[in-house]
Amino acid sequence: MSITVTPPLYLVGKKVACWRCGKRMPVVTLVAPHVEESYGEISILSNIQEAPFEVLSFLRKKVPTFQFRSSREAGGAYYANTCPKCNVIYGDFYLHSEPGAPFFPETEDEAKKLYITEVPLSGAVQIEAAPGVGVGELILEHGKRI
């Protein structure tokens with residue numbers, strides 16, 4: 001789904017253990033407070049399939065393991081968090097869809113474990129992604145700004 005995101009746009013992340021090899025690895029997502037047709041809800045973006053160069057170059061610089069990869073389980077390719085040691089994908093479903101998952105915090109304490117940094121944008125951008133709502137305010141209110 002192509003969505004229009006008006007600044008600000010935030011890179012949100014934390015370190016987790018790789019589900020396959022156990023190595024600590026960064027996982028990230030994008031959080032957009034202003035998405036067209038989101039009815040004022042803060043959107044957490046998953047299954048990112050396409051984004052402008054300015055967004056992707058910022059992401060690659062900050063988190064080189066966030067790579068465009070094919071996923072059998074997801075049935076297609078998207079920008080996925082990958083383990084720097086064993087190169088396995090840590091799928092967006094497991095990061096976004098279950099309560100208590102890294103990008104589905106249930107408490108202030110869980111949200112406080114996330115770091116947030118603003119993605120520099122020159123204006124509104126089009127991103128091909130799935131916007132999720134419900135916990136964005138918790139993330140932006142309690143995540144640690146860096």
# chains A, B, ... in the order shown; residues from 1 in each chain; ligands from 1
>>> closest_atom_pairs(of="stretch 31-99 of chain A", to="stretch 112-121 of chain A", cutoff="9 Å", atoms="only C-alpha atoms", output="tab-separated table")
residue	atom	partner	partner_atom	distance
A:Glu54	CA	A:Leu121	CA	7.1
A:Val55	CA	A:Val119	CA	6.9
A:Phe58	CA	A:Val119	CA	6.9
A:Leu59	CA	A:Val119	CA	8.3
>>> write_last_selection(atoms="N, CA and C atoms", output="CSV table (one decimal), in the first residue's frame")
chain,number,residue,atom,x,y,z
A,54,GLU,N,16.2,9.3,0.1
A,54,GLU,CA,16.6,10.0,1.3
A,54,GLU,C,16.3,9.2,2.5
A,55,VAL,N,15.2,8.4,2.5
A,55,VAL,CA,14.9,7.6,3.7
A,55,VAL,C,15.8,6.4,3.7
A,58,PHE,N,19.4,7.0,4.7
A,58,PHE,CA,19.6,7.3,6.1
A,58,PHE,C,19.5,5.9,6.9
A,59,LEU,N,18.6,5.1,6.5
A,59,LEU,CA,18.4,3.7,7.1
A,59,LEU,C,19.7,2.9,6.9
>>> select_by_dssp(residues="chain A", states="helix (DSSP H, G or I)", output="PyMOL selection string")
chain A and resi 53-62+92-96+108-112+136-142
>>> write_last_selection(atoms="C-alpha atoms", output="tab-separated table (two decimals), in the first residue's frame")
chain	number	residue	atom	x	y	z
A	53	PHE	CA	16.32	7.51	-1.59
A	54	GLU	CA	16.63	10.02	1.28
A	55	VAL	CA	14.89	7.60	3.65
A	56	LEU	CA	16.70	4.47	2.47
A	57	SER	CA	20.14	6.08	2.54
A	58	PHE	CA	19.55	7.26	6.13
A	59	LEU	CA	18.42	3.74	7.12
A	60	ARG	CA	21.39	2.06	5.41
A	61	LYS	CA	23.80	4.43	7.17
A	62	LYS	CA	22.27	3.86	10.61
A	92	ASP	CA	8.13	-8.13	10.62
A	93	PHE	CA	5.23	-10.28	11.82
A	94	TYR	CA	7.22	-11.29	14.90
A	95	LEU	CA	8.34	-7.69	15.52
A	96	HIS	CA	4.98	-5.95	15.04
A	108	GLU	CA	5.59	2.28	29.39
A	109	ASP	CA	8.56	0.18	30.54
A	110	GLU	CA	8.56	-1.80	27.28
A	111	ALA	CA	8.32	1.43	25.25
A	112	LYS	CA	11.20	2.96	27.24
A	136	GLY	CA	2.50	4.71	18.24
A	137	GLU	CA	1.70	7.25	20.92
A	138	LEU	CA	3.13	4.95	23.63
A	139	ILE	CA	6.33	4.53	21.58
A	140	LEU	CA	6.83	8.22	20.83
A	141	GLU	CA	5.95	9.33	24.35
A	142	HIS	CA	8.25	6.91	26.21
>>> closest_residue(among="A:Ala74, A:Val135, A:Ile42, A:Ile127", to="A:Pro99", atoms="only C-alpha atoms")
A:Val135
>>> residues_around(residues="A:Ser43", least_positions_apart="3", cutoff="8 Å", atoms="only C-alpha atoms", output="list in words")
Val31, Ala32, Pro33, His34, Val35, Ser38, Pro131, Gly132, Val133, Gly134 and Gly136 of chain A
>>> atom_distance(atom1="atom CA of A:Asn81", atom2="atom CA of A:Glu37")
27.1 Å
>>> closest_atom_pairs(of="stretch 3-85 of chain A", to="stretch 102-105 of chain A", cutoff="12 Å", atoms="only C-alpha atoms", output="tab-separated table")
residue	atom	partner	partner_atom	distance
A:Leu11	CA	A:Phe103	CA	11.5
A:Val12	CA	A:Phe103	CA	8.4
A:Gly13	CA	A:Pro102	CA	8.1
A:Lys14	CA	A:Pro102	CA	7.5
A:Lys15	CA	A:Pro102	CA	9.0
A:Val16	CA	A:Pro102	CA	8.3
A:Ala17	CA	A:Pro102	CA	11.3
A:Pro26	CA	A:Pro102	CA	10.8
A:Val27	CA	A:Pro102	CA	8.3
A:Val28	CA	A:Phe103	CA	8.5
A:Thr29	CA	A:Phe103	CA	7.7
A:Leu30	CA	A:Phe103	CA	9.8
A:Val31	CA	A:Phe103	CA	9.7
A:Ser43	CA	A:Phe103	CA	11.2
A:Ile44	CA	A:Phe103	CA	7.9
A:Leu45	CA	A:Phe103	CA	9.7
A:Ser46	CA	A:Phe103	CA	9.7
>>> write_last_selection(atoms="N, CA and C atoms", output="mmCIF file, in the first residue's frame")
data_model
loop_
_atom_site.group_PDB
_atom_site.id
_atom_site.type_symbol
_atom_site.label_atom_id
_atom_site.label_comp_id
_atom_site.auth_asym_id
_atom_site.auth_seq_id
_atom_site.Cartn_x
_atom_site.Cartn_y
_atom_site.Cartn_z
ATOM 1 N N LEU A 11 12.906 6.834 13.021
ATOM 2 C CA LEU A 11 13.501 5.508 13.051
ATOM 3 C C LEU A 11 13.437 5.065 14.507
ATOM 4 N N VAL A 12 12.819 3.915 14.747
ATOM 5 C CA VAL A 12 12.657 3.384 16.098
ATOM 6 C C VAL A 12 13.302 2.005 16.129
ATOM 7 N N GLY A 13 14.051 1.728 17.184
ATOM 8 C CA GLY A 13 14.703 0.429 17.235
ATOM 9 C C GLY A 13 15.100 0.003 18.630
ATOM 10 N N LYS A 14 15.672 -1.179 18.688
ATOM 11 C CA LYS A 14 16.227 -1.737 19.908
ATOM 12 C C LYS A 14 17.088 -2.924 19.516
ATOM 13 N N LYS A 15 17.775 -3.497 20.476
ATOM 14 C CA LYS A 15 18.562 -4.708 20.233
ATOM 15 C C LYS A 15 17.804 -5.893 20.808
ATOM 16 N N VAL A 16 17.820 -6.982 20.051
ATOM 17 C CA VAL A 16 17.180 -8.226 20.473
ATOM 18 C C VAL A 16 18.134 -9.382 20.180
ATOM 19 N N ALA A 17 17.813 -10.547 20.689
ATOM 20 C CA ALA A 17 18.590 -11.748 20.377
ATOM 21 C C ALA A 17 18.046 -12.351 19.087
ATOM 22 N N PRO A 26 20.411 -5.425 15.979
ATOM 23 C CA PRO A 26 19.466 -4.316 15.968
ATOM 24 C C PRO A 26 18.230 -4.672 15.137
ATOM 25 N N VAL A 27 17.076 -4.240 15.608
ATOM 26 C CA VAL A 27 15.849 -4.298 14.808
ATOM 27 C C VAL A 27 15.266 -2.897 14.793
ATOM 28 N N VAL A 28 14.745 -2.500 13.635
ATOM 29 C CA VAL A 28 14.227 -1.144 13.477
ATOM 30 C C VAL A 28 12.917 -1.150 12.709
ATOM 31 N N THR A 29 12.213 -0.053 12.848
ATOM 32 C CA THR A 29 11.012 0.207 12.071
ATOM 33 C C THR A 29 10.893 1.715 11.899
ATOM 34 N N LEU A 30 9.916 2.139 11.126
ATOM 35 C CA LEU A 30 9.638 3.563 10.967
ATOM 36 C C LEU A 30 8.299 3.874 11.627
ATOM 37 N N VAL A 31 8.251 5.014 12.304
ATOM 38 C CA VAL A 31 7.022 5.478 12.936
ATOM 39 C C VAL A 31 6.695 6.853 12.363
ATOM 40 N N SER A 43 1.239 5.988 12.901
ATOM 41 C CA SER A 43 1.417 4.728 12.182
ATOM 42 C C SER A 43 2.799 4.133 12.417
ATOM 43 N N ILE A 44 2.829 2.837 12.673
ATOM 44 C CA ILE A 44 4.071 2.075 12.752
ATOM 45 C C ILE A 44 4.138 1.292 11.445
ATOM 46 N N LEU A 45 5.189 1.529 10.656
ATOM 47 C CA LEU A 45 5.261 0.948 9.323
ATOM 48 C C LEU A 45 5.943 -0.415 9.337
ATOM 49 N N SER A 46 5.319 -1.377 8.698
ATOM 50 C CA SER A 46 5.918 -2.704 8.535
ATOM 51 C C SER A 46 5.822 -3.091 7.061
#
>>> select_by_dssp(residues="chain A", states="strand (DSSP E or B)", output="ChimeraX atom specification")
/A:2-6,9-17,24-32,34-35,43-50,66-71,76-82,89-90,115-119,125-133,144-145
>>> write_last_selection(atoms="C-alpha atoms", output="mmCIF file, in the first residue's frame")
data_model
loop_
_atom_site.group_PDB
_atom_site.id
_atom_site.type_symbol
_atom_site.label_atom_id
_atom_site.label_comp_id
_atom_site.auth_asym_id
_atom_site.auth_seq_id
_atom_site.Cartn_x
_atom_site.Cartn_y
_atom_site.Cartn_z
ATOM 1 C CA SER A 2 1.415 3.386 -0.980
ATOM 2 C CA ILE A 3 1.078 5.955 1.783
ATOM 3 C CA THR A 4 1.938 9.634 2.002
ATOM 4 C CA VAL A 5 4.028 10.522 5.048
ATOM 5 C CA THR A 6 4.441 14.139 6.109
ATOM 6 C CA LEU A 9 9.312 10.420 10.384
ATOM 7 C CA TYR A 10 11.126 8.459 13.083
ATOM 8 C CA LEU A 11 13.501 5.508 13.051
ATOM 9 C CA VAL A 12 12.657 3.384 16.098
ATOM 10 C CA GLY A 13 14.703 0.429 17.235
ATOM 11 C CA LYS A 14 16.227 -1.737 19.908
ATOM 12 C CA LYS A 15 18.562 -4.708 20.233
ATOM 13 C CA VAL A 16 17.180 -8.226 20.473
ATOM 14 C CA ALA A 17 18.590 -11.748 20.377
ATOM 15 C CA ARG A 24 22.364 -9.497 19.773
ATOM 16 C CA MET A 25 21.163 -7.624 16.725
ATOM 17 C CA PRO A 26 19.466 -4.316 15.968
ATOM 18 C CA VAL A 27 15.849 -4.298 14.808
ATOM 19 C CA VAL A 28 14.227 -1.144 13.477
ATOM 20 C CA THR A 29 11.012 0.207 12.071
ATOM 21 C CA LEU A 30 9.638 3.563 10.967
ATOM 22 C CA VAL A 31 7.022 5.478 12.936
ATOM 23 C CA ALA A 32 5.018 8.205 11.195
ATOM 24 C CA HIS A 34 1.294 12.084 10.008
ATOM 25 C CA VAL A 35 0.091 9.582 7.429
ATOM 26 C CA SER A 43 1.417 4.728 12.182
ATOM 27 C CA ILE A 44 4.071 2.075 12.752
ATOM 28 C CA LEU A 45 5.261 0.948 9.323
ATOM 29 C CA SER A 46 5.918 -2.704 8.535
ATOM 30 C CA ASN A 47 6.511 -4.660 5.336
ATOM 31 C CA ILE A 48 8.274 -1.671 3.797
ATOM 32 C CA GLN A 49 8.660 -2.452 0.115
ATOM 33 C CA GLU A 50 9.711 0.900 -1.265
ATOM 34 C CA PHE A 66 18.053 -3.498 7.412
ATOM 35 C CA GLN A 67 18.044 -4.971 3.905
ATOM 36 C CA PHE A 68 15.669 -5.646 1.018
ATOM 37 C CA ARG A 69 15.148 -9.396 1.307
ATOM 38 C CA SER A 70 12.785 -12.039 0.036
ATOM 39 C CA SER A 71 10.696 -13.891 2.617
ATOM 40 C CA GLY A 76 7.408 -11.494 -1.107
ATOM 41 C CA ALA A 77 10.267 -9.102 -0.591
ATOM 42 C CA TYR A 78 10.476 -6.185 1.815
ATOM 43 C CA TYR A 79 13.046 -4.276 3.875
ATOM 44 C CA ALA A 80 13.734 -6.670 6.723
ATOM 45 C CA ASN A 81 15.881 -6.759 9.829
ATOM 46 C CA THR A 82 18.655 -9.310 9.305
ATOM 47 C CA ILE A 89 15.546 -12.429 8.578
ATOM 48 C CA TYR A 90 13.817 -11.440 11.798
ATOM 49 C CA TYR A 115 15.334 4.343 20.876
ATOM 50 C CA ILE A 116 14.014 7.027 18.550
ATOM 51 C CA THR A 117 15.805 9.249 16.064
ATOM 52 C CA GLU A 118 14.278 11.535 13.456
ATOM 53 C CA VAL A 119 14.761 10.711 9.783
ATOM 54 C CA VAL A 125 7.275 11.288 0.909
ATOM 55 C CA GLN A 126 5.580 8.218 -0.571
ATOM 56 C CA ILE A 127 6.368 4.910 1.129
ATOM 57 C CA GLU A 128 5.117 1.488 0.108
ATOM 58 C CA ALA A 129 4.346 -0.140 3.467
ATOM 59 C CA ALA A 130 1.676 -1.466 5.794
ATOM 60 C CA PRO A 131 0.730 1.145 8.417
ATOM 61 C CA GLY A 132 -0.275 -0.237 11.807
ATOM 62 C CA VAL A 133 -1.891 1.834 14.536
ATOM 63 C CA LYS A 144 14.462 7.260 24.331
ATOM 64 C CA ARG A 145 15.382 10.068 21.915
#
>>> closest_residue(among="A:Gly22, A:Gly75, A:Pro52, A:Pro64", to="A:Gly91", atoms="only C-alpha atoms")
A:Gly75
>>> atom_distance(atom1="atom CA of A:Arg20", atom2="atom CA of A:Pro84")
11.6 Å
